[in-house]
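Pasted below: coords.pdb, PDB, C-alpha atoms.
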```
MODEL        1
ATOM      1  CA  MET G 882      16.920   5.202  13.552  1.00  0.00           C
ATOM      2  CA  LYS G 883      14.660   7.500  15.521  1.00  0.00           C
ATOM      3  CA  TYR G 884      12.905   6.488  18.721  1.00  0.00           C
ATOM      4  CA  SER G 885      11.018   7.612  21.781  1.00  0.00           C
ATOM      5  CA  GLU G 886       9.816   5.913  24.934  1.00  0.00           C
ATOM      6  CA  ALA G 887       6.244   5.073  25.969  1.00  0.00           C
ATOM      7  CA  ARG G 888       4.515   3.199  28.763  1.00  0.00           C
ATOM      8  CA  GLN G 889       1.785   0.589  28.601  1.00  0.00           C
ATOM      9  CA  GLY G 890      -1.667   1.868  29.437  1.00  0.00           C
ATOM     10  CA  ARG G 891      -4.966   0.037  29.233  1.00  0.00           C
ATOM     11  CA  ILE G 892      -5.432  -3.234  27.356  1.00  0.00           C
ATOM     12  CA  PHE G 893      -8.637  -3.789  25.386  1.00  0.00           C
ATOM     13  CA  VAL G 894     -10.087  -7.032  24.064  1.00  0.00           C
ATOM     14  CA  ILE G 895     -12.280  -6.168  21.061  1.00  0.00           C
ATOM     15  CA  ARG G 896     -14.541  -8.218  18.826  1.00  0.00           C
ATOM     16  CA  LEU G 897     -15.233  -6.740  15.419  1.00  0.00           C
ATOM     17  CA  GLU G 898     -18.415  -8.058  13.865  1.00  0.00           C
ATOM     18  CA  ASP G 899     -19.678  -9.133  10.456  1.00  0.00           C
ATOM     19  CA  GLY G 900     -19.481  -6.291   7.946  1.00  0.00           C
ATOM     20  CA  ASP G 901     -17.314  -3.946  10.050  1.00  0.00           C
ATOM     21  CA  ILE G 902     -14.555  -2.189   8.112  1.00  0.00           C
ATOM     22  CA  VAL G 903     -11.371  -2.832  10.108  1.00  0.00           C
ATOM     23  CA  HIS G 904      -9.609   0.543   9.991  1.00  0.00           C
ATOM     24  CA  GLU G 905     -12.827   2.555  10.377  1.00  0.00           C
ATOM     25  CA  SER G 906     -14.012   0.524  13.380  1.00  0.00           C
ATOM     26  CA  ILE G 907     -10.673   0.546  15.194  1.00  0.00           C
ATOM     27  CA  GLU G 908     -10.093   4.274  14.628  1.00  0.00           C
ATOM     28  CA  ALA G 909     -13.638   5.041  15.881  1.00  0.00           C
ATOM     29  CA  PHE G 910     -12.966   2.909  18.971  1.00  0.00           C
ATOM     30  CA  ALA G 911      -9.697   4.765  19.598  1.00  0.00           C
ATOM     31  CA  ARG G 912     -11.477   8.129  19.375  1.00  0.00           C
ATOM     32  CA  ASP G 913     -14.313   6.950  21.670  1.00  0.00           C
ATOM     33  CA  GLN G 914     -11.836   5.667  24.281  1.00  0.00           C
ATOM     34  CA  SER G 915      -9.459   8.674  23.972  1.00  0.00           C
ATOM     35  CA  ILE G 916      -6.630   6.431  22.764  1.00  0.00           C
ATOM     36  CA  GLN G 917      -3.885   8.351  20.978  1.00  0.00           C
ATOM     37  CA  SER G 918      -1.254   5.604  20.638  1.00  0.00           C
ATOM     38  CA  ALA G 919      -1.434   1.813  20.664  1.00  0.00           C
ATOM     39  CA  ALA G 920      -0.071  -1.488  19.372  1.00  0.00           C
ATOM     40  CA  LEU G 921      -2.521  -4.101  18.088  1.00  0.00           C
ATOM     41  CA  ILE G 922      -2.792  -7.722  17.025  1.00  0.00           C
ATOM     42  CA  ILE G 923      -5.755  -9.122  15.086  1.00  0.00           C
ATOM     43  CA  ILE G 924      -7.051 -12.519  13.943  1.00  0.00           C
ATOM     44  CA  GLY G 925     -10.246 -13.629  12.265  1.00  0.00           C
ATOM     45  CA  GLY G 926     -11.877 -13.681   8.861  1.00  0.00           C
ATOM     46  CA  ALA G 927     -11.891 -11.163   5.997  1.00  0.00           C
ATOM     47  CA  ASP G 928     -14.860 -11.115   3.656  1.00  0.00           C
ATOM     48  CA  LYS G 929     -14.750 -11.338  -0.127  1.00  0.00           C
ATOM     49  CA  LYS G 930     -14.203  -8.009  -1.908  1.00  0.00           C
ATOM     50  CA  SER G 931     -12.000  -6.762   0.956  1.00  0.00           C
ATOM     51  CA  ARG G 932      -9.172  -4.601  -0.352  1.00  0.00           C
ATOM     52  CA  LEU G 933      -5.511  -4.429   0.673  1.00  0.00           C
ATOM     53  CA  VAL G 934      -2.708  -2.117  -0.395  1.00  0.00           C
ATOM     54  CA  VAL G 935      -0.073  -4.618  -1.552  1.00  0.00           C
ATOM     55  CA  GLY G 936       2.834  -2.388  -2.511  1.00  0.00           C
ATOM     56  CA  PRO G 937       3.950   0.292  -4.900  1.00  0.00           C
ATOM     57  CA  GLU G 938       4.004  -0.408  -8.634  1.00  0.00           C
ATOM     58  CA  ASP G 939       7.710   0.488  -8.670  1.00  0.00           C
ATOM     59  CA  GLY G 940       9.445   0.618  -5.298  1.00  0.00           C
ATOM     60  CA  ARG G 941      12.042   3.178  -6.369  1.00  0.00           C
ATOM     61  CA  ALA G 942       9.975   5.385  -8.683  1.00  0.00           C
ATOM     62  CA  GLU G 943       9.940   9.084  -7.856  1.00  0.00           C
ATOM     63  CA  LYS G 944       6.131   9.080  -7.686  1.00  0.00           C
ATOM     64  CA  ILE G 945       4.808   6.255  -5.523  1.00  0.00           C
ATOM     65  CA  VAL G 946       1.757   4.594  -7.060  1.00  0.00           C
ATOM     66  CA  PRO G 947       0.040   2.132  -4.686  1.00  0.00           C
ATOM     67  CA  MET G 948      -1.280  -1.221  -5.863  1.00  0.00           C
ATOM     68  CA  THR G 949      -4.448  -2.698  -4.383  1.00  0.00           C
ATOM     69  CA  TYR G 950      -5.671  -6.265  -4.295  1.00  0.00           C
ATOM     70  CA  MET G 951      -9.262  -7.411  -3.823  1.00  0.00           C
ATOM     71  CA  LEU G 952      -9.950 -10.718  -2.100  1.00  0.00           C
ATOM     72  CA  ALA G 953     -12.036 -12.965  -4.367  1.00  0.00           C
ATOM     73  CA  ASN G 954     -13.352 -14.997  -1.431  1.00  0.00           C
ATOM     74  CA  VAL G 955     -13.339 -15.257   2.368  1.00  0.00           C
ATOM     75  CA  HIS G 956      -9.843 -15.519   3.931  1.00  0.00           C
ATOM     76  CA  GLU G 957      -8.370 -16.304   7.343  1.00  0.00           C
ATOM     77  CA  VAL G 958      -6.353 -13.356   8.658  1.00  0.00           C
ATOM     78  CA  ALA G 959      -3.606 -12.456  11.105  1.00  0.00           C
ATOM     79  CA  GLY G 960      -2.206  -8.970  11.453  1.00  0.00           C
ATOM     80  CA  THR G 961      -0.462  -6.403  13.543  1.00  0.00           C
ATOM     81  CA  GLY G 962      -0.462  -2.641  13.629  1.00  0.00           C
ATOM     82  CA  THR G 963      -0.039   0.639  15.430  1.00  0.00           C
ATOM     83  CA  ILE G 964      -2.123   3.704  16.173  1.00  0.00           C
ATOM     84  CA  PHE G 965      -0.537   7.148  16.394  1.00  0.00           C
ATOM     85  CA  PRO G 966      -2.126  10.571  15.978  1.00  0.00           C
ATOM     86  CA  ASP G 967      -1.782  12.548  12.775  1.00  0.00           C
ATOM     87  CA  GLU G 968      -0.787  16.226  12.707  1.00  0.00           C
ATOM     88  CA  LYS G 969      -4.360  17.169  13.723  1.00  0.00           C
ATOM     89  CA  GLY G 970      -4.272  14.825  16.735  1.00  0.00           C
ATOM     90  CA  ILE G 971      -6.601  12.235  15.183  1.00  0.00           C
ATOM     91  CA  PRO G 972      -5.595   8.599  15.919  1.00  0.00           C
ATOM     92  CA  VAL G 973      -4.677   6.778  12.685  1.00  0.00           C
ATOM     93  CA  LEU G 974      -4.335   3.008  12.318  1.00  0.00           C
ATOM     94  CA  HIS G 975      -1.476   1.516  10.308  1.00  0.00           C
ATOM     95  CA  MET G 976      -2.038  -2.229  10.121  1.00  0.00           C
ATOM     96  CA  HIS G 977      -0.698  -4.956   7.877  1.00  0.00           C
ATOM     97  CA  MET G 978      -2.585  -8.204   7.557  1.00  0.00           C
ATOM     98  CA  SER G 979      -1.837 -11.564   5.972  1.00  0.00           C
ATOM     99  CA  CYS G 980      -4.907 -13.130   4.390  1.00  0.00           C
ATOM    100  CA  GLY G 981      -4.850 -16.805   3.477  1.00  0.00           C
ATOM    101  CA  ARG G 982      -7.162 -19.249   1.776  1.00  0.00           C
ATOM    102  CA  ASN G 983      -6.116 -22.795   1.002  1.00  0.00           C
ATOM    103  CA  ASN G 984      -2.544 -22.485  -0.415  1.00  0.00           C
ATOM    104  CA  ASP G 985      -2.709 -18.779  -1.317  1.00  0.00           C
ATOM    105  CA  THR G 986      -1.728 -15.864   0.892  1.00  0.00           C
ATOM    106  CA  VAL G 987      -1.594 -12.130   0.310  1.00  0.00           C
ATOM    107  CA  THR G 988      -0.235  -9.536   2.730  1.00  0.00           C
ATOM    108  CA  GLY G 989      -0.919  -5.822   2.718  1.00  0.00           C
ATOM    109  CA  CYS G 990      -2.149  -2.718   4.485  1.00  0.00           C
ATOM    110  CA  VAL G 991      -5.821  -2.638   5.546  1.00  0.00           C
ATOM    111  CA  ARG G 992      -6.246   1.061   4.668  1.00  0.00           C
ATOM    112  CA  ALA G 993      -8.024   0.246   1.356  1.00  0.00           C
ATOM    113  CA  GLY G 994     -10.910  -1.435   3.212  1.00  0.00           C
ATOM    114  CA  VAL G 995     -10.927  -4.882   4.794  1.00  0.00           C
ATOM    115  CA  LYS G 996     -14.415  -6.076   5.723  1.00  0.00           C
ATOM    116  CA  VAL G 997     -14.931  -8.493   8.615  1.00  0.00           C
ATOM    117  CA  TRP G 998     -16.350 -11.908   7.793  1.00  0.00           C
ATOM    118  CA  HIS G 999     -18.327 -12.903  10.904  1.00  0.00           C
ATOM    119  CA  VAL G1000     -15.653 -11.981  13.460  1.00  0.00           C
ATOM    120  CA  MET G1001     -12.194 -10.540  14.020  1.00  0.00           C
ATOM    121  CA  GLU G1002     -10.565 -10.461  17.430  1.00  0.00           C
ATOM    122  CA  VAL G1003      -8.330  -7.543  18.375  1.00  0.00           C
ATOM    123  CA  ILE G1004      -6.057  -7.061  21.356  1.00  0.00           C
ATOM    124  CA  LEU G1005      -5.204  -3.370  21.680  1.00  0.00           C
ATOM    125  CA  PHE G1006      -2.323  -2.323  23.946  1.00  0.00           C
ATOM    126  CA  GLU G1007      -2.584   1.385  24.708  1.00  0.00           C
ATOM    127  CA  LEU G1008       0.695   3.323  24.804  1.00  0.00           C
ATOM    128  CA  THR G1009       0.877   6.323  27.123  1.00  0.00           C
ATOM    129  CA  GLY G1010       3.417   9.084  27.591  1.00  0.00           C
ATOM    130  CA  SER G1011       4.338   9.056  23.911  1.00  0.00           C
ATOM    131  CA  ARG G1012       4.828  12.188  21.817  1.00  0.00           C
ATOM    132  CA  ALA G1013       5.063  10.170  18.603  1.00  0.00           C
ATOM    133  CA  LYS G1014       2.813  11.234  15.738  1.00  0.00           C
ATOM    134  CA  ARG G1015       2.310  10.720  12.026  1.00  0.00           C
ATOM    135  CA  SER G1016       3.641  13.621   9.938  1.00  0.00           C
ATOM    136  CA  TYR G1017       3.059  14.151   6.226  1.00  0.00           C
ATOM    137  CA  ASP G1018       6.169  13.510   4.107  1.00  0.00           C
ATOM    138  CA  SER G1019       5.938  15.315   0.769  1.00  0.00           C
ATOM    139  CA  ALA G1020       8.601  13.121  -0.859  1.00  0.00           C
ATOM    140  CA  THR G1021       6.635   9.891  -0.379  1.00  0.00           C
ATOM    141  CA  GLY G1022       3.093  11.144   0.209  1.00  0.00           C
ATOM    142  CA  PHE G1023       2.988   9.015   3.382  1.00  0.00           C
ATOM    143  CA  GLU G1024       2.161  10.060   6.914  1.00  0.00           C
ATOM    144  CA  LEU G1025       5.408   8.830   8.476  1.00  0.00           C
ATOM    145  CA  LEU G1026       5.864   8.036  12.139  1.00  0.00           C
ATOM    146  CA  SER G1027       7.845  10.740  13.924  1.00  0.00           C
ATOM    147  CA  PRO G1028       8.839   9.200  17.255  1.00  0.00           C
TER     148      PRO G1028
ENDMDL
END
```

Same coordinates, now as structure tokens:
Amino acid sequence: MKYSEARQGRIFVIRLEDGDIVHESIEAFARDQSIQSAALIIIGGADKKSRLVVGPEDGRAEKIVPMTYMLANVHEVAGTGTIFPDEKGIPVLHMHMSCGRNNDTVTGCVRAGVKVWHVMEVILFELTGSRAKRSYDSATGFELLSP
């Protein structure tokens, strides 16, 4: 386990609107508000043809090959995530979202492109005093959190 300490800064209540792409909109907001680190919760609707990263093809393969899933219809969503800067200091969102419709649910990372259906509500809790960042890991190809 690795850890660092942070303090709570500002709290933002955000409404994403129809057609917004979740990760693009939240990262743009973070840049505009000079937010480097944050924790987030989100609820609302995801539009059809939204894409999620739903896991690697083989979890223990040497080369990690991501799988994506496209929503065939509108889904209700709930998710949580974090923002930390990459090695260039750019705030990057890492958010997982569960998307449900009727009796079916899929959970994954929003990085592939989740589009808002009418509205998503976000509560963003800014973290201050943190030196944590996302650093490229050549073994996995991920930008891993370095607290």

Result set of the PyMOL selection byres ((chain G and resi 1006) around 10) on the coordinates above, as an MDAnalysis selection string: chainID G and resid 889:894 916 918:922 963:964 1003:1005 1007:1009

Selection dump of the PyMOL selection byres ((chain G and resi 906) around 12), as a PyMOL selection string: chain G and resi 895-905+907-913+972-974+991-992+994-997+1001+1003

Counting all atoms listed in the file, the residue of G:Pro947, G:Pro1028, G:Gly960, G:Gly989 that sits nearest Ser931 (chain G): G:Gly989

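Minimum atom-to-atom distance to Val955 (chain G), evaluated using only C-alpha atoms, belongs to G:Arg932 out of G:Lys969, G:Arg1015, G:Arg932, G:Lys883.
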
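Atom pair CA of Val934 (chain G) / CA of Tyr884 (chain G): separated by 26.1 Å.
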
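Minimum atom-to-atom distances from G:Met976, G:Leu933, G:Ala1020, G:Val987 to Ile945 (chain G) were compared using all atoms listed in the file, and the lowest value belongs to G:Ala1020.
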
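The two atoms in question, CA of Phe965 (chain G) and CA of Thr1021 (chain G), are spaced 18.4 Å apart.
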
Result set, the PyMOL selection byres ((chain G and resi 959) around 9) on current file, as a ChimeraX atom specification: /G:922-926,957-958,960-961,977-981

Because the input lacks atoms here, generate N, CA and C atoms for region 922-953 of chain G and report them as a CSV table (one decimal), keeping the file's coordinate frame.
```csv
chain,number,residue,atom,x,y,z
G,922,ILE,N,-2.8,-6.5,17.8
G,922,ILE,CA,-2.8,-7.7,17.0
G,922,ILE,C,-4.2,-8.1,16.7
G,923,ILE,N,-4.4,-8.8,15.6
G,923,ILE,CA,-5.8,-9.1,15.1
G,923,ILE,C,-5.8,-10.5,14.4
G,924,ILE,N,-6.8,-11.2,14.6
G,924,ILE,CA,-7.1,-12.5,13.9
G,924,ILE,C,-8.5,-12.6,13.6
G,925,GLY,N,-8.8,-13.4,12.6
G,925,GLY,CA,-10.2,-13.6,12.3
G,925,GLY,C,-10.4,-13.9,10.8
G,926,GLY,N,-11.5,-13.4,10.3
G,926,GLY,CA,-11.9,-13.7,8.9
G,926,GLY,C,-12.2,-12.4,8.1
G,927,ALA,N,-11.6,-12.3,6.9
G,927,ALA,CA,-11.9,-11.2,6.0
G,927,ALA,C,-12.9,-11.6,4.9
G,928,ASP,N,-13.8,-10.8,4.6
G,928,ASP,CA,-14.9,-11.1,3.7
G,928,ASP,C,-14.4,-10.9,2.2
G,929,LYS,N,-15.1,-11.6,1.3
G,929,LYS,CA,-14.8,-11.3,-0.1
G,929,LYS,C,-15.0,-9.9,-0.5
G,930,LYS,N,-14.2,-9.4,-1.4
G,930,LYS,CA,-14.2,-8.0,-1.9
G,930,LYS,C,-13.5,-7.1,-0.9
G,931,SER,N,-12.9,-7.6,0.1
G,931,SER,CA,-12.0,-6.8,1.0
G,931,SER,C,-10.8,-6.3,0.1
G,932,ARG,N,-10.3,-5.1,0.4
G,932,ARG,CA,-9.2,-4.6,-0.4
G,932,ARG,C,-8.0,-4.3,0.5
G,933,LEU,N,-6.8,-4.7,0.0
G,933,LEU,CA,-5.5,-4.4,0.7
G,933,LEU,C,-4.6,-3.6,-0.2
G,934,VAL,N,-3.8,-2.8,0.4
G,934,VAL,CA,-2.7,-2.1,-0.4
G,934,VAL,C,-1.5,-3.1,-0.3
G,935,VAL,N,-1.1,-3.5,-1.5
G,935,VAL,CA,-0.1,-4.6,-1.6
G,935,VAL,C,1.3,-4.2,-2.1
G,936,GLY,N,1.5,-2.9,-2.1
G,936,GLY,CA,2.8,-2.4,-2.5
G,936,GLY,C,2.8,-1.3,-3.6
G,937,PRO,N,3.9,-0.7,-3.8
G,937,PRO,CA,4.0,0.3,-4.9
G,937,PRO,C,4.2,-0.4,-6.2
G,938,GLU,N,3.7,0.2,-7.3
G,938,GLU,CA,4.0,-0.4,-8.6
G,938,GLU,C,5.5,-0.5,-8.9
G,939,ASP,N,6.3,0.5,-8.5
G,939,ASP,CA,7.7,0.5,-8.7
G,939,ASP,C,8.3,1.1,-7.4
G,940,GLY,N,9.0,0.2,-6.6
G,940,GLY,CA,9.4,0.6,-5.3
G,940,GLY,C,10.4,1.8,-5.3
G,941,ARG,N,11.1,2.1,-6.4
G,941,ARG,CA,12.0,3.2,-6.4
G,941,ARG,C,11.7,4.3,-7.3
G,942,ALA,N,10.4,4.3,-7.8
G,942,ALA,CA,10.0,5.4,-8.7
G,942,ALA,C,9.9,6.7,-7.9
G,943,GLU,N,10.0,7.8,-8.5
G,943,GLU,CA,9.9,9.1,-7.9
G,943,GLU,C,8.5,9.3,-7.3
G,944,LYS,N,7.5,9.0,-8.1
G,944,LYS,CA,6.1,9.1,-7.7
G,944,LYS,C,5.7,7.7,-7.3
G,945,ILE,N,5.2,7.5,-6.0
G,945,ILE,CA,4.8,6.3,-5.5
G,945,ILE,C,3.3,6.0,-5.9
G,946,VAL,N,3.1,5.0,-6.6
G,946,VAL,CA,1.8,4.6,-7.1
G,946,VAL,C,1.4,3.3,-6.4
G,947,PRO,N,0.4,3.3,-5.4
G,947,PRO,CA,0.0,2.1,-4.7
G,947,PRO,C,-0.7,1.1,-5.5
G,948,MET,N,-0.5,-0.1,-5.2
G,948,MET,CA,-1.3,-1.2,-5.9
G,948,MET,C,-2.3,-1.7,-4.8
G,949,THR,N,-3.5,-2.1,-5.3
G,949,THR,CA,-4.4,-2.7,-4.4
G,949,THR,C,-4.8,-4.1,-4.9
G,950,TYR,N,-5.3,-4.9,-4.0
G,950,TYR,CA,-5.7,-6.3,-4.3
G,950,TYR,C,-7.0,-6.5,-3.6
G,951,MET,N,-8.0,-7.1,-4.4
G,951,MET,CA,-9.3,-7.4,-3.8
G,951,MET,C,-9.4,-8.9,-3.6
G,952,LEU,N,-9.8,-9.3,-2.4
G,952,LEU,CA,-10.0,-10.7,-2.1
G,952,LEU,C,-11.2,-11.3,-2.9
G,953,ALA,N,-11.0,-12.4,-3.6
G,953,ALA,CA,-12.0,-13.0,-4.4
G,953,ALA,C,-13.0,-13.8,-3.5
```
